[in-house]
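Okay, input.cif now, which holds mmCIF, C-alpha atoms:
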data_upload
#
loop_
_atom_site.group_PDB
_atom_site.id
_atom_site.type_symbol
_atom_site.label_atom_id
_atom_site.label_comp_id
_atom_site.auth_asym_id
_atom_site.auth_seq_id
_atom_site.Cartn_x
_atom_site.Cartn_y
_atom_site.Cartn_z
ATOM 1 C CA MET W 1 0.000 0.000 0.000
ATOM 2 C CA SER W 2 1.404 3.388 -0.983
ATOM 3 C CA THR W 3 2.645 5.897 1.578
ATOM 4 C CA LYS W 4 0.445 8.604 0.038
ATOM 5 C CA ARG W 5 -2.636 6.477 0.558
ATOM 6 C CA GLU W 6 -1.669 5.845 4.187
ATOM 7 C CA VAL W 7 -1.136 9.571 4.778
ATOM 8 C CA PHE W 8 -4.518 10.321 3.197
ATOM 9 C CA ARG W 9 -6.143 7.807 5.535
ATOM 10 C CA GLY W 10 -4.450 9.504 8.467
ATOM 11 C CA HIS W 11 -5.955 12.848 7.433
ATOM 12 C CA ALA W 12 -9.378 11.242 6.926
ATOM 13 C CA ALA W 13 -9.176 9.694 10.402
ATOM 14 C CA MET W 14 -8.487 13.080 12.000
ATOM 15 C CA PHE W 15 -11.274 14.742 10.007
ATOM 16 C CA LEU W 16 -13.671 12.171 11.457
ATOM 17 C CA PHE W 17 -12.074 12.727 14.886
ATOM 18 C CA ALA W 18 -12.999 16.428 14.778
ATOM 19 C CA ALA W 19 -16.576 15.634 13.732
ATOM 20 C CA LEU W 20 -17.076 13.110 16.553
ATOM 21 C CA ILE W 21 -15.535 15.328 19.227
ATOM 22 C CA SER W 22 -17.657 18.328 18.263
ATOM 23 C CA ILE W 23 -20.953 16.534 18.990
ATOM 24 C CA SER W 24 -19.781 15.749 22.531
ATOM 25 C CA PHE W 25 -19.882 19.452 23.456
ATOM 26 C CA SER W 26 -23.652 19.675 22.972
ATOM 27 C CA LEU W 27 -24.336 16.344 24.700
ATOM 28 C CA GLY W 28 -21.956 17.128 27.549
ATOM 29 C CA ASP W 29 -23.684 20.452 28.116
ATOM 30 C CA LEU W 30 -27.074 18.715 28.358
ATOM 31 C CA ALA W 31 -25.761 16.114 30.828
ATOM 32 C CA ALA W 32 -23.723 18.499 32.999
ATOM 33 C CA PRO W 33 -26.562 19.494 35.392
ATOM 34 C CA HIS W 34 -27.273 15.842 36.247
ATOM 35 C CA ILE W 35 -23.852 14.259 36.859
ATOM 36 C CA SER W 36 -20.491 15.387 38.232
ATOM 37 C CA PRO W 37 -17.616 15.835 35.757
ATOM 38 C CA ALA W 38 -15.548 13.173 37.561
ATOM 39 C CA ALA W 39 -18.345 10.595 37.401
ATOM 40 C CA LEU W 40 -19.063 11.378 33.739
ATOM 41 C CA ALA W 41 -15.363 11.092 32.866
ATOM 42 C CA ALA W 42 -15.071 7.757 34.698
ATOM 43 C CA MET W 43 -18.221 6.438 33.012
ATOM 44 C CA ARG W 44 -16.951 7.349 29.560
ATOM 45 C CA PHE W 45 -13.677 5.467 30.163
ATOM 46 C CA VAL W 46 -15.480 2.403 31.581
ATOM 47 C CA ILE W 47 -17.811 2.220 28.581
ATOM 48 C CA ALA W 48 -14.926 2.784 26.166
ATOM 49 C CA ALA W 49 -12.828 0.071 27.855
ATOM 50 C CA VAL W 50 -15.671 -2.458 27.663
ATOM 51 C CA VAL W 51 -16.506 -1.710 24.010
ATOM 52 C CA VAL W 52 -12.914 -1.740 22.770
ATOM 53 C CA GLY W 53 -11.981 -4.641 25.066
ATOM 54 C CA ILE W 54 -14.634 -6.897 23.531
ATOM 55 C CA VAL W 55 -13.369 -6.161 20.009
ATOM 56 C CA ALA W 56 -9.663 -6.270 20.912
ATOM 57 C CA ALA W 57 -9.736 -9.396 23.125
ATOM 58 C CA PRO W 58 -8.964 -11.937 20.346
ATOM 59 C CA GLN W 59 -5.834 -9.958 19.382
ATOM 60 C CA VAL W 60 -4.355 -9.582 22.866
ATOM 61 C CA ARG W 61 -1.120 -11.495 23.456
ATOM 62 C CA ILE W 62 1.032 -11.684 26.569
ATOM 63 C CA GLU W 63 3.857 -9.845 24.790
ATOM 64 C CA HIS W 64 1.536 -6.859 24.292
ATOM 65 C CA LEU W 65 1.415 -6.378 28.069
ATOM 66 C CA VAL W 66 5.176 -5.903 28.455
ATOM 67 C CA LYS W 67 6.009 -2.602 30.171
ATOM 68 C CA PRO W 68 2.408 -1.746 31.093
ATOM 69 C CA TRP W 69 3.546 1.639 32.421
ATOM 70 C CA ARG W 70 3.518 2.758 28.776
ATOM 71 C CA TYR W 71 -0.264 2.516 28.673
ATOM 72 C CA LEU W 72 -0.605 4.294 32.014
ATOM 73 C CA ALA W 73 1.517 7.133 30.611
ATOM 74 C CA VAL W 74 -0.390 7.416 27.316
ATOM 75 C CA GLY W 75 -3.841 7.025 28.863
ATOM 76 C CA GLY W 76 -2.834 9.216 31.801
ATOM 77 C CA LEU W 77 -2.020 12.090 29.445
ATOM 78 C CA LEU W 78 -5.495 11.860 27.912
ATOM 79 C CA ALA W 79 -7.164 11.591 31.323
ATOM 80 C CA GLY W 80 -5.009 14.434 32.628
ATOM 81 C CA TYR W 81 -6.269 16.674 29.840
ATOM 82 C CA PHE W 82 -9.878 16.034 30.881
ATOM 83 C CA ILE W 83 -9.069 16.511 34.574
ATOM 84 C CA PHE W 84 -7.349 19.859 34.034
ATOM 85 C CA MET W 85 -10.175 20.924 31.729
ATOM 86 C CA PHE W 86 -12.753 20.157 34.423
ATOM 87 C CA GLU W 87 -10.776 22.035 37.058
ATOM 88 C CA ALA W 88 -10.168 24.989 34.733
ATOM 89 C CA LEU W 89 -13.876 25.323 33.942
ATOM 90 C CA ARG W 90 -14.532 25.873 37.645
ATOM 91 C CA LEU W 91 -12.477 29.069 37.379
ATOM 92 C CA THR W 92 -13.077 30.306 33.840
ATOM 93 C CA ASP W 93 -15.432 29.902 30.869
ATOM 94 C CA PRO W 94 -15.485 27.584 27.816
ATOM 95 C CA VAL W 95 -14.612 30.418 25.403
ATOM 96 C CA SER W 96 -11.377 31.211 27.222
ATOM 97 C CA THR W 97 -10.386 27.546 27.440
ATOM 98 C CA SER W 98 -11.137 27.117 23.728
ATOM 99 C CA ALA W 99 -8.805 30.019 22.994
ATOM 100 C CA ILE W 100 -6.016 28.406 25.046
ATOM 101 C CA PHE W 101 -6.591 25.136 23.162
ATOM 102 C CA THR W 102 -5.440 26.814 19.935
ATOM 103 C CA LEU W 103 -1.881 26.601 21.317
ATOM 104 C CA THR W 104 -2.015 22.784 21.306
ATOM 105 C CA PRO W 105 -0.814 22.120 17.704
ATOM 106 C CA ILE W 106 2.184 24.424 18.183
ATOM 107 C CA MET W 107 3.096 22.642 21.424
ATOM 108 C CA SER W 108 2.597 19.302 19.672
ATOM 109 C CA ALA W 109 5.046 20.366 16.948
ATOM 110 C CA ILE W 110 7.606 21.223 19.640
ATOM 111 C CA PHE W 111 7.091 17.912 21.457
ATOM 112 C CA GLY W 112 7.151 16.028 18.149
ATOM 113 C CA TYR W 113 10.588 17.432 17.387
ATOM 114 C CA TRP W 114 11.836 16.884 20.936
ATOM 115 C CA LEU W 115 10.723 13.240 21.214
ATOM 116 C CA LEU W 116 10.636 12.013 17.605
ATOM 117 C CA ARG W 117 12.728 14.570 15.710
ATOM 118 C CA GLN W 118 9.754 15.372 13.489
ATOM 119 C CA ILE W 119 10.591 18.444 11.418
ATOM 120 C CA THR W 120 7.955 21.160 11.026
ATOM 121 C CA SER W 121 8.655 23.243 7.914
ATOM 122 C CA PRO W 122 8.235 27.044 7.890
ATOM 123 C CA ILE W 123 5.152 26.685 5.657
ATOM 124 C CA MET W 124 3.607 24.273 8.167
ATOM 125 C CA VAL W 125 4.320 26.690 11.026
ATOM 126 C CA VAL W 126 2.642 29.530 9.119
ATOM 127 C CA SER W 127 -0.318 27.250 8.339
ATOM 128 C CA LEU W 128 -0.683 26.326 12.013
ATOM 129 C CA LEU W 129 -0.593 29.983 13.039
ATOM 130 C CA LEU W 130 -3.186 30.866 10.388
ATOM 131 C CA ALA W 131 -5.452 28.011 11.464
ATOM 132 C CA GLY W 132 -5.086 29.100 15.084
ATOM 133 C CA THR W 133 -5.994 32.679 14.142
ATOM 134 C CA GLY W 134 -9.044 31.441 12.234
ATOM 135 C CA ALA W 135 -10.081 29.294 15.205
ATOM 136 C CA ILE W 136 -9.819 32.273 17.574
ATOM 137 C CA TRP W 137 -12.002 34.292 15.181
ATOM 138 C CA VAL W 138 -14.609 31.515 15.138
ATOM 139 C CA ILE W 139 -14.495 30.836 18.893
ATOM 140 C CA PHE W 140 -15.053 34.522 19.761
ATOM 141 C CA ARG W 141 -17.724 34.867 17.042
ATOM 142 C CA ALA W 142 -15.756 37.594 15.220
ATOM 143 C CA ASP W 143 -15.926 39.883 18.273
ATOM 144 C CA LEU W 144 -12.625 41.803 18.258
ATOM 145 C CA ASP W 145 -13.317 43.399 21.652
ATOM 146 C CA ALA W 146 -13.810 39.956 23.196
ATOM 147 C CA ILE W 147 -10.556 38.701 21.650
ATOM 148 C CA LEU W 148 -8.596 41.682 22.991
ATOM 149 C CA GLY W 149 -10.300 41.278 26.366
ATOM 150 C CA LEU W 150 -8.978 37.757 26.928
ATOM 151 C CA ARG W 151 -7.177 37.564 30.261
ATOM 152 C CA ILE W 152 -4.873 34.779 31.446
ATOM 153 C CA GLY W 153 -6.061 33.853 34.941
ATOM 154 C CA PRO W 154 -5.670 30.732 37.135
ATOM 155 C CA GLY W 155 -8.234 28.789 35.086
ATOM 156 C CA GLU W 156 -6.459 29.519 31.818
ATOM 157 C CA GLN W 157 -3.127 28.556 33.376
ATOM 158 C CA LEU W 158 -4.538 25.221 34.551
ATOM 159 C CA PHE W 159 -5.967 24.499 31.129
ATOM 160 C CA PHE W 160 -2.635 25.357 29.516
ATOM 161 C CA ILE W 161 -1.130 22.458 31.518
ATOM 162 C CA GLY W 162 -3.951 20.234 30.288
ATOM 163 C CA CYS W 163 -3.331 21.318 26.691
ATOM 164 C CA ALA W 164 0.363 20.528 27.098
ATOM 165 C CA MET W 165 -0.610 16.995 28.180
ATOM 166 C CA HIS W 166 -2.931 16.722 25.168
ATOM 167 C CA ALA W 167 -0.109 17.896 22.890
ATOM 168 C CA LEU W 168 2.207 15.255 24.393
ATOM 169 C CA TYR W 169 -0.381 12.524 23.871
ATOM 170 C CA ALA W 170 0.263 11.956 20.140
ATOM 171 C CA PRO W 171 4.095 11.885 20.128
ATOM 172 C CA VAL W 172 4.267 9.842 23.347
ATOM 173 C CA GLY W 173 1.725 7.405 21.912
ATOM 174 C CA ARG W 174 3.908 6.924 18.845
ATOM 175 C CA LEU W 175 7.118 6.744 20.911
ATOM 176 C CA PHE W 176 5.813 3.989 23.209
ATOM 177 C CA ASN W 177 4.177 1.895 20.494
ATOM 178 C CA ARG W 178 6.017 -1.414 20.054
ATOM 179 C CA GLY W 179 4.093 -2.671 17.060
ATOM 180 C CA GLU W 180 0.986 -3.735 18.974
ATOM 181 C CA PRO W 181 -2.258 -3.967 16.972
ATOM 182 C CA ILE W 182 -4.027 -0.598 17.069
ATOM 183 C CA LEU W 183 -7.081 -2.030 18.848
ATOM 184 C CA VAL W 184 -4.930 -3.588 21.571
ATOM 185 C CA TYR W 185 -2.901 -0.409 22.024
ATOM 186 C CA THR W 186 -6.123 1.620 22.146
ATOM 187 C CA PHE W 187 -7.701 -0.695 24.738
ATOM 188 C CA CYS W 188 -4.663 -0.671 27.019
ATOM 189 C CA SER W 189 -4.331 3.119 26.743
ATOM 190 C CA ILE W 190 -8.008 3.562 27.653
ATOM 191 C CA CYS W 191 -7.489 1.306 30.689
ATOM 192 C CA GLY W 192 -4.573 3.514 31.725
ATOM 193 C CA GLY W 193 -6.791 6.580 31.410
ATOM 194 C CA LEU W 194 -9.524 4.843 33.421
ATOM 195 C CA LEU W 195 -7.164 4.161 36.342
ATOM 196 C CA VAL W 196 -6.037 7.790 36.471
ATOM 197 C CA THR W 197 -9.607 9.114 36.169
ATOM 198 C CA MET W 198 -10.924 6.839 38.923
ATOM 199 C CA ALA W 199 -8.088 7.844 41.230
ATOM 200 C CA TYR W 200 -8.910 11.502 40.606
ATOM 201 C CA GLY W 201 -12.698 11.314 40.862
ATOM 202 C CA PHE W 202 -13.240 8.473 43.357
ATOM 203 C CA GLY W 203 -15.309 10.618 45.716
ATOM 204 C CA GLY W 204 -17.611 11.917 42.980
ATOM 205 C CA ILE W 205 -18.024 8.422 41.535
ATOM 206 C CA VAL W 206 -19.033 6.880 44.875
ATOM 207 C CA SER W 207 -21.466 9.684 45.738
ATOM 208 C CA THR W 208 -23.311 9.579 42.382
ATOM 209 C CA ASP W 209 -26.862 8.184 42.384
ATOM 210 C CA TRP W 210 -26.337 6.034 39.308
ATOM 211 C CA LEU W 211 -29.849 4.533 39.271
ATOM 212 C CA GLY W 212 -31.407 7.970 39.557
ATOM 213 C CA LEU W 213 -29.670 9.503 36.548
ATOM 214 C CA PRO W 214 -31.997 10.814 33.798
ATOM 215 C CA PRO W 215 -31.829 9.285 30.287
ATOM 216 C CA ILE W 216 -29.855 12.232 28.848
ATOM 217 C CA ALA W 217 -26.974 11.501 31.234
ATOM 218 C CA TRP W 218 -26.778 7.908 30.001
ATOM 219 C CA VAL W 219 -27.112 8.953 26.343
ATOM 220 C CA ALA W 220 -24.284 11.454 26.803
ATOM 221 C CA ALA W 221 -22.166 8.904 28.677
ATOM 222 C CA PHE W 222 -22.561 6.238 25.990
ATOM 223 C CA TYR W 223 -21.797 8.681 23.192
ATOM 224 C CA LEU W 224 -18.773 10.020 25.062
ATOM 225 C CA GLY W 225 -17.626 6.489 25.860
ATOM 226 C CA VAL W 226 -18.158 4.854 22.463
ATOM 227 C CA CYS W 227 -17.643 7.692 19.967
ATOM 228 C CA ALA W 228 -15.806 10.505 21.763
ATOM 229 C CA THR W 229 -13.424 8.237 23.701
ATOM 230 C CA ALA W 230 -13.102 4.744 22.182
ATOM 231 C CA GLY W 231 -13.602 6.001 18.627
ATOM 232 C CA THR W 232 -11.396 9.053 18.855
ATOM 233 C CA VAL W 233 -8.593 7.311 20.765
ATOM 234 C CA PHE W 234 -8.539 4.656 18.033
ATOM 235 C CA LEU W 235 -8.545 7.323 15.308
ATOM 236 C CA VAL W 236 -5.708 9.252 16.950
ATOM 237 C CA GLN W 237 -3.655 6.076 17.429
ATOM 238 C CA TYR W 238 -4.284 5.185 13.766
ATOM 239 C CA ALA W 239 -3.344 8.657 12.536
ATOM 240 C CA THR W 240 -0.339 8.938 14.867
ATOM 241 C CA LEU W 241 1.437 6.219 12.868
ATOM 242 C CA ARG W 242 0.778 8.100 9.602
ATOM 243 C CA LEU W 243 1.031 11.841 10.364
ATOM 244 C CA THR W 244 3.405 14.095 12.245
ATOM 245 C CA SER W 245 2.203 15.357 15.632
ATOM 246 C CA ALA W 246 1.718 18.932 14.385
ATOM 247 C CA ARG W 247 -0.465 17.882 11.442
ATOM 248 C CA LEU W 248 -2.454 15.536 13.626
ATOM 249 C CA MET W 249 -3.261 18.077 16.344
ATOM 250 C CA ALA W 250 -4.073 20.791 13.793
ATOM 251 C CA TYR W 251 -7.389 19.038 13.177
ATOM 252 C CA GLY W 252 -8.479 20.278 16.600
ATOM 253 C CA TYR W 253 -9.049 23.608 14.844
ATOM 254 C CA LEU W 254 -11.919 21.997 12.935
ATOM 255 C CA VAL W 255 -13.844 21.285 16.144
ATOM 256 C CA PRO W 256 -15.395 24.784 16.521
ATOM 257 C CA VAL W 257 -16.324 24.680 12.819
ATOM 258 C CA PHE W 258 -18.210 21.417 13.320
ATOM 259 C CA VAL W 259 -19.824 22.758 16.499
ATOM 260 C CA ILE W 260 -21.218 25.658 14.459
ATOM 261 C CA LEU W 261 -22.472 23.213 11.821
ATOM 262 C CA TRP W 262 -24.187 20.870 14.305
ATOM 263 C CA GLU W 263 -25.752 23.741 16.256
ATOM 264 C CA GLY W 264 -27.167 25.182 13.041
ATOM 265 C CA LEU W 265 -28.520 21.831 11.847
ATOM 266 C CA LEU W 266 -30.119 21.236 15.259
ATOM 267 C CA GLY W 267 -32.046 24.486 14.896
ATOM 268 C CA HIS W 268 -30.103 26.414 17.529
ATOM 269 C CA GLY W 269 -29.271 29.180 15.063
ATOM 270 C CA TRP W 270 -26.454 29.966 12.667
ATOM 271 C CA VAL W 271 -23.571 32.293 13.418
ATOM 272 C CA ALA W 272 -23.179 35.724 11.804
ATOM 273 C CA TRP W 273 -21.562 35.936 8.369
ATOM 274 C CA LYS W 274 -18.570 37.721 9.948
ATOM 275 C CA VAL W 275 -17.452 34.353 11.353
ATOM 276 C CA VAL W 276 -17.195 32.754 7.898
ATOM 277 C CA PRO W 277 -13.710 34.197 7.067
ATOM 278 C CA GLY W 278 -12.337 32.399 10.140
ATOM 279 C CA VAL W 279 -13.823 29.122 8.929
ATOM 280 C CA LEU W 280 -12.311 29.612 5.461
ATOM 281 C CA ILE W 281 -8.884 30.386 6.946
ATOM 282 C CA ILE W 282 -8.993 27.153 8.986
ATOM 283 C CA LEU W 283 -9.960 25.080 5.947
ATOM 284 C CA LEU W 284 -7.290 26.705 3.761
ATOM 285 C CA ALA W 285 -4.579 26.162 6.383
ATOM 286 C CA LEU W 286 -5.546 22.503 6.810
ATOM 287 C CA LEU W 287 -5.534 22.060 3.021
ATOM 288 C CA VAL W 288 -1.958 23.381 2.933
ATOM 289 C CA LEU W 289 -0.993 20.975 5.736
ATOM 290 C CA ARG W 290 -2.611 18.150 3.815
ATOM 291 C CA TYR W 291 -0.416 18.630 0.736
ATOM 292 C CA GLN W 292 2.736 20.045 2.326
ATOM 293 C CA LYS W 293 5.553 17.492 2.416
#
Conversion result in C-alpha cells:
Amino acid sequence: MSTKREVFRGHAAMFLFAALISISFSLGDLAAPHISPAALAAMRFVIAAVVVGIVAAPQVRIEHLVKPWRYLAVGGLLAGYFIFMFEALRLTDPVSTSAIFTLTPIMSAIFGYWLLRQITSPIMVVSLLLAGTGAIWVIFRADLDAILGLRIGPGEQLFFIGCAMHALYAPVGRLFNRGEPILVYTFCSICGGLLVTMAYGFGGIVSTDWLGLPPIAWVAAFYLGVCATAGTVFLVQYATLRLTSARLMAYGYLVPVFVILWEGLLGHGWVAWKVVPGVLIILLALLVLRYQK
C-alpha cells in the first residue's frame, strides 16, 4: 500500500475525529446538570474500555502487556487533559479555554521534534498559526473586543497544563508503540486513562446516584464512551502512525467549525456571516498541511 494512501487515511481519520468530538460538546452540556464531571469522565472510560476490550480481546497477546507503564503514561495524558479541563472550567469559561486550546498544535510540533525529531517546515508553522488565528475568530464569534479582552487567569493557566498533556499525547503514543495492533494499544491506553480518572474522581463516583440519573446523562455517557473516547482514541492512534504530531493536532481547529455546523442543523441558530472568514482560513490552512511534504 502506498505511503500517500496511508497519509490520506491519516488525514481522513483526523477529520472524522474532529466531527465526533464536536458533537460531545452539545451532549456534555445537556448532561452536565445531572452528573459530576468526575463521574461522567469515569463512566466514559469504563464504557470505552468495555466496548474496545470486547473487540480487541482476540488480538491480545502476553507480549503486548510488556512494560504496562507505557499505557498508564499514554492514557494518563489523555485523562489528565480532561481533569485539568474540568478544574479549569470551575475558574473560567469555555470560550477562554477554547482560545487556550489553539496553542495545542504548536506545542505538539515542539514535542514532536523533541521526542521524535519530526521536522515542522516554515510553511507548516505559518499554516498552524493561520489556522489558530481562524479558530480564535470563530471561537469569539468575530468579536474583536472579546478577543482583545482575553485575560490569562488561574483557570487559563490550569488548562494550559492540560493542553500541554494533550499535545504530548500523540508523540508519546507513537514513541511507546512497540508494534501492537491498534485495537490492543487503544484498549490498554483507555485502561490507563480509566485508572487515572478513577483515582482523581473516586469521591464523585461513589457519591453519584447512578440509578437515579436521567436518560440524557446515560445517552451522553454512551456517546462520550463509544464515539468521543473509544472512537477518537482509536482514530488518533491510527493517525499517529501516519502523520506528524503537528499535522495531527491541527485538526483540533476543525472542532469549533463542526460545532457551528451541528448547532445550526439542530435548529439552535447559525452564526453571523462575519465568522465565515475564520472558517475559510482554517480550511485553507488545513488544506496546505494536507499537501505540504
Shell around Val196 of chain W at 8 Å using only C-alpha atoms, local window under 4 positions removed, as a list in words =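 Here the qualifying residues turn out to be Leu72, Gly75, Gly76, Ala79, Gly80, Gly192 and Tyr200 of chain W.
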Hits of the PyMOL selection byres ((chain W and resi 283) around 10) in this structure, as a PyMOL selection string | chain W and resi 130-131+134+251+253-254+257+277-282+284-289
Saved selection, atoms kept: C-alpha atoms, as a PDB file, keeping the file's coordinate frame:
ATOM      1  CA  LEU W 130      -3.186  30.866  10.388  1.00  0.00           C
ATOM      2  CA  ALA W 131      -5.452  28.011  11.464  1.00  0.00           C
ATOM      3  CA  GLY W 134      -9.044  31.441  12.234  1.00  0.00           C
ATOM      4  CA  TYR W 251      -7.389  19.038  13.177  1.00  0.00           C
ATOM      5  CA  TYR W 253      -9.049  23.608  14.844  1.00  0.00           C
ATOM      6  CA  LEU W 254     -11.919  21.997  12.935  1.00  0.00           C
ATOM      7  CA  VAL W 257     -16.324  24.680  12.819  1.00  0.00           C
ATOM      8  CA  PRO W 277     -13.710  34.197   7.067  1.00  0.00           C
ATOM      9  CA  GLY W 278     -12.337  32.399  10.140  1.00  0.00           C
ATOM     10  CA  VAL W 279     -13.823  29.122   8.929  1.00  0.00           C
ATOM     11  CA  LEU W 280     -12.311  29.612   5.461  1.00  0.00           C
ATOM     12  CA  ILE W 281      -8.884  30.386   6.946  1.00  0.00           C
ATOM     13  CA  ILE W 282      -8.993  27.153   8.986  1.00  0.00           C
ATOM     14  CA  LEU W 284      -7.290  26.705   3.761  1.00  0.00           C
ATOM     15  CA  ALA W 285      -4.579  26.162   6.383  1.00  0.00           C
ATOM     16  CA  LEU W 286      -5.546  22.503   6.810  1.00  0.00           C
ATOM     17  CA  LEU W 287      -5.534  22.060   3.021  1.00  0.00           C
ATOM     18  CA  VAL W 288      -1.958  23.381   2.933  1.00  0.00           C
ATOM     19  CA  LEU W 289      -0.993  20.975   5.736  1.00  0.00           C
TER      20      LEU W 289
END
Measure the distance from atom CA of Gly153 of chain W to atom CA of Val138 of chain W in Å and round it to one decimal.
-> 21.7 Å
Within 10 Å of segment 208-232 of chain W, which residues of segment 11-95 of chain W come that close, and what is the closest atom pair and distance in Å for each? Count all atoms listed in the file and give it as CSV.
residue,atom,partner,partner_atom,distance
W:Ala13,CA,W:Thr232,CA,8.8
W:Met14,CA,W:Thr232,CA,8.5
W:Leu16,CA,W:Thr232,CA,8.3
W:Phe17,CA,W:Thr232,CA,5.5
W:Ala18,CA,W:Thr232,CA,8.6
W:Ala19,CA,W:Ala228,CA,9.6
W:Leu20,CA,W:Ala228,CA,6.0
W:Ile21,CA,W:Ala228,CA,5.5
W:Ser22,CA,W:Ala228,CA,8.8
W:Ile23,CA,W:Ala228,CA,8.4
W:Ser24,CA,W:Leu224,CA,6.3
W:Phe25,CA,W:Leu224,CA,9.6
W:Ser26,CA,W:Ala220,CA,9.1
W:Leu27,CA,W:Ala220,CA,5.3
W:Gly28,CA,W:Ala220,CA,6.2
W:Asp29,CA,W:Ala220,CA,9.1
W:Leu30,CA,W:Ile216,CA,7.1
W:Ala31,CA,W:Ala217,CA,4.8
W:Ala32,CA,W:Ala217,CA,7.9
W:Pro33,CA,W:Ala217,CA,9.0
W:His34,CA,W:Ala217,CA,6.6
W:Ile35,CA,W:Ala217,CA,7.0
W:Ser36,CA,W:Thr208,CA,7.7
W:Ala38,CA,W:Thr208,CA,9.8
W:Ala39,CA,W:Thr208,CA,7.1
W:Leu40,CA,W:Ala221,CA,6.4
W:Ala41,CA,W:Ala221,CA,8.3
W:Ala42,CA,W:Gly225,CA,9.3
W:Met43,CA,W:Ala221,CA,6.4
W:Arg44,CA,W:Gly225,CA,3.9
W:Phe45,CA,W:Gly225,CA,5.9
W:Val46,CA,W:Gly225,CA,7.4
W:Ile47,CA,W:Gly225,CA,5.1
W:Ala48,CA,W:Gly225,CA,4.6
W:Ala49,CA,W:Ala230,CA,7.4
W:Val50,CA,W:Val226,CA,9.3
W:Val51,CA,W:Val226,CA,6.9
W:Val52,CA,W:Ala230,CA,6.5
W:Gly53,CA,W:Ala230,CA,9.9
W:Leu78,CA,W:Thr229,CA,9.7
Let's have the selection written as a PDB file, keeping the file's coordinate frame, with C-alpha atoms.
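Saved the output as part.pdb:
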ATOM      1  CA  ALA W  13      -9.176   9.694  10.402  1.00  0.00           C
ATOM      2  CA  MET W  14      -8.487  13.080  12.000  1.00  0.00           C
ATOM      3  CA  LEU W  16     -13.671  12.171  11.457  1.00  0.00           C
ATOM      4  CA  PHE W  17     -12.074  12.727  14.886  1.00  0.00           C
ATOM      5  CA  ALA W  18     -12.999  16.428  14.778  1.00  0.00           C
ATOM      6  CA  ALA W  19     -16.576  15.634  13.732  1.00  0.00           C
ATOM      7  CA  LEU W  20     -17.076  13.110  16.553  1.00  0.00           C
ATOM      8  CA  ILE W  21     -15.535  15.328  19.227  1.00  0.00           C
ATOM      9  CA  SER W  22     -17.657  18.328  18.263  1.00  0.00           C
ATOM     10  CA  ILE W  23     -20.953  16.534  18.990  1.00  0.00           C
ATOM     11  CA  SER W  24     -19.781  15.749  22.531  1.00  0.00           C
ATOM     12  CA  PHE W  25     -19.882  19.452  23.456  1.00  0.00           C
ATOM     13  CA  SER W  26     -23.652  19.675  22.972  1.00  0.00           C
ATOM     14  CA  LEU W  27     -24.336  16.344  24.700  1.00  0.00           C
ATOM     15  CA  GLY W  28     -21.956  17.128  27.549  1.00  0.00           C
ATOM     16  CA  ASP W  29     -23.684  20.452  28.116  1.00  0.00           C
ATOM     17  CA  LEU W  30     -27.074  18.715  28.358  1.00  0.00           C
ATOM     18  CA  ALA W  31     -25.761  16.114  30.828  1.00  0.00           C
ATOM     19  CA  ALA W  32     -23.723  18.499  32.999  1.00  0.00           C
ATOM     20  CA  PRO W  33     -26.562  19.494  35.392  1.00  0.00           C
ATOM     21  CA  HIS W  34     -27.273  15.842  36.247  1.00  0.00           C
ATOM     22  CA  ILE W  35     -23.852  14.259  36.859  1.00  0.00           C
ATOM     23  CA  SER W  36     -20.491  15.387  38.232  1.00  0.00           C
ATOM     24  CA  ALA W  38     -15.548  13.173  37.561  1.00  0.00           C
ATOM     25  CA  ALA W  39     -18.345  10.595  37.401  1.00  0.00           C
ATOM     26  CA  LEU W  40     -19.063  11.378  33.739  1.00  0.00           C
ATOM     27  CA  ALA W  41     -15.363  11.092  32.866  1.00  0.00           C
ATOM     28  CA  ALA W  42     -15.071   7.757  34.698  1.00  0.00           C
ATOM     29  CA  MET W  43     -18.221   6.438  33.012  1.00  0.00           C
ATOM     30  CA  ARG W  44     -16.951   7.349  29.560  1.00  0.00           C
ATOM     31  CA  PHE W  45     -13.677   5.467  30.163  1.00  0.00           C
ATOM     32  CA  VAL W  46     -15.480   2.403  31.581  1.00  0.00           C
ATOM     33  CA  ILE W  47     -17.811   2.220  28.581  1.00  0.00           C
ATOM     34  CA  ALA W  48     -14.926   2.784  26.166  1.00  0.00           C
ATOM     35  CA  ALA W  49     -12.828   0.071  27.855  1.00  0.00           C
ATOM     36  CA  VAL W  50     -15.671  -2.458  27.663  1.00  0.00           C
ATOM     37  CA  VAL W  51     -16.506  -1.710  24.010  1.00  0.00           C
ATOM     38  CA  VAL W  52     -12.914  -1.740  22.770  1.00  0.00           C
ATOM     39  CA  GLY W  53     -11.981  -4.641  25.066  1.00  0.00           C
ATOM     40  CA  LEU W  78      -5.495  11.860  27.912  1.00  0.00           C
TER      41      LEU W  78
END
For Pro122 of chain W: contacts at 12 Å, only C-alpha atoms, fewer than 3 positions along chain excluded, given as a list in words | Ala109, Ile119, Val125, Val126, Ser127, Leu128, Leu129, Val288, Leu289, Gln292 and Lys293 of chain W
Reference answer for the PyMOL selection byres ((chain W and resi 158) around 10), as a list of chain:residue names =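 With the shown file as input, the PyMOL selection byres ((chain W and resi 158) around 10) matches W:Tyr81, W:Ile83, W:Phe84, W:Met85, W:Phe86, W:Glu87, W:Ala88, W:Leu89, W:Leu91, W:Thr92, W:Thr97, W:Gly153, W:Pro154, W:Gly155, W:Glu156, W:Gln157, W:Phe159, W:Phe160, W:Ile161, W:Gly162, W:Cys163.
Closest approach to Val271 of chain W among W:Ile139, W:Ile205, W:Leu248, W:Cys188: W:Ile139, based on all atoms listed in the file.
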Test item: residues at most 9 Å from Ala99 of chain W, only C-alpha atoms, excluding those fewer than 2 positions along its chain, as an MDAnalysis selection string | chainID W and resid 94:97 101:103 132 135:136 139:140 147 150
With all atoms of segment 81-87 of chain W from the file as input, state the centre and edge lengths in Å to one decimal of the axis-aligned box that has 6 Å extra on each side, as AutoDock Vina command-line options.
--center_x -9.5 --center_y 19.0 --center_z 33.4 --size_x 18.5 --size_y 18.0 --size_z 19.2
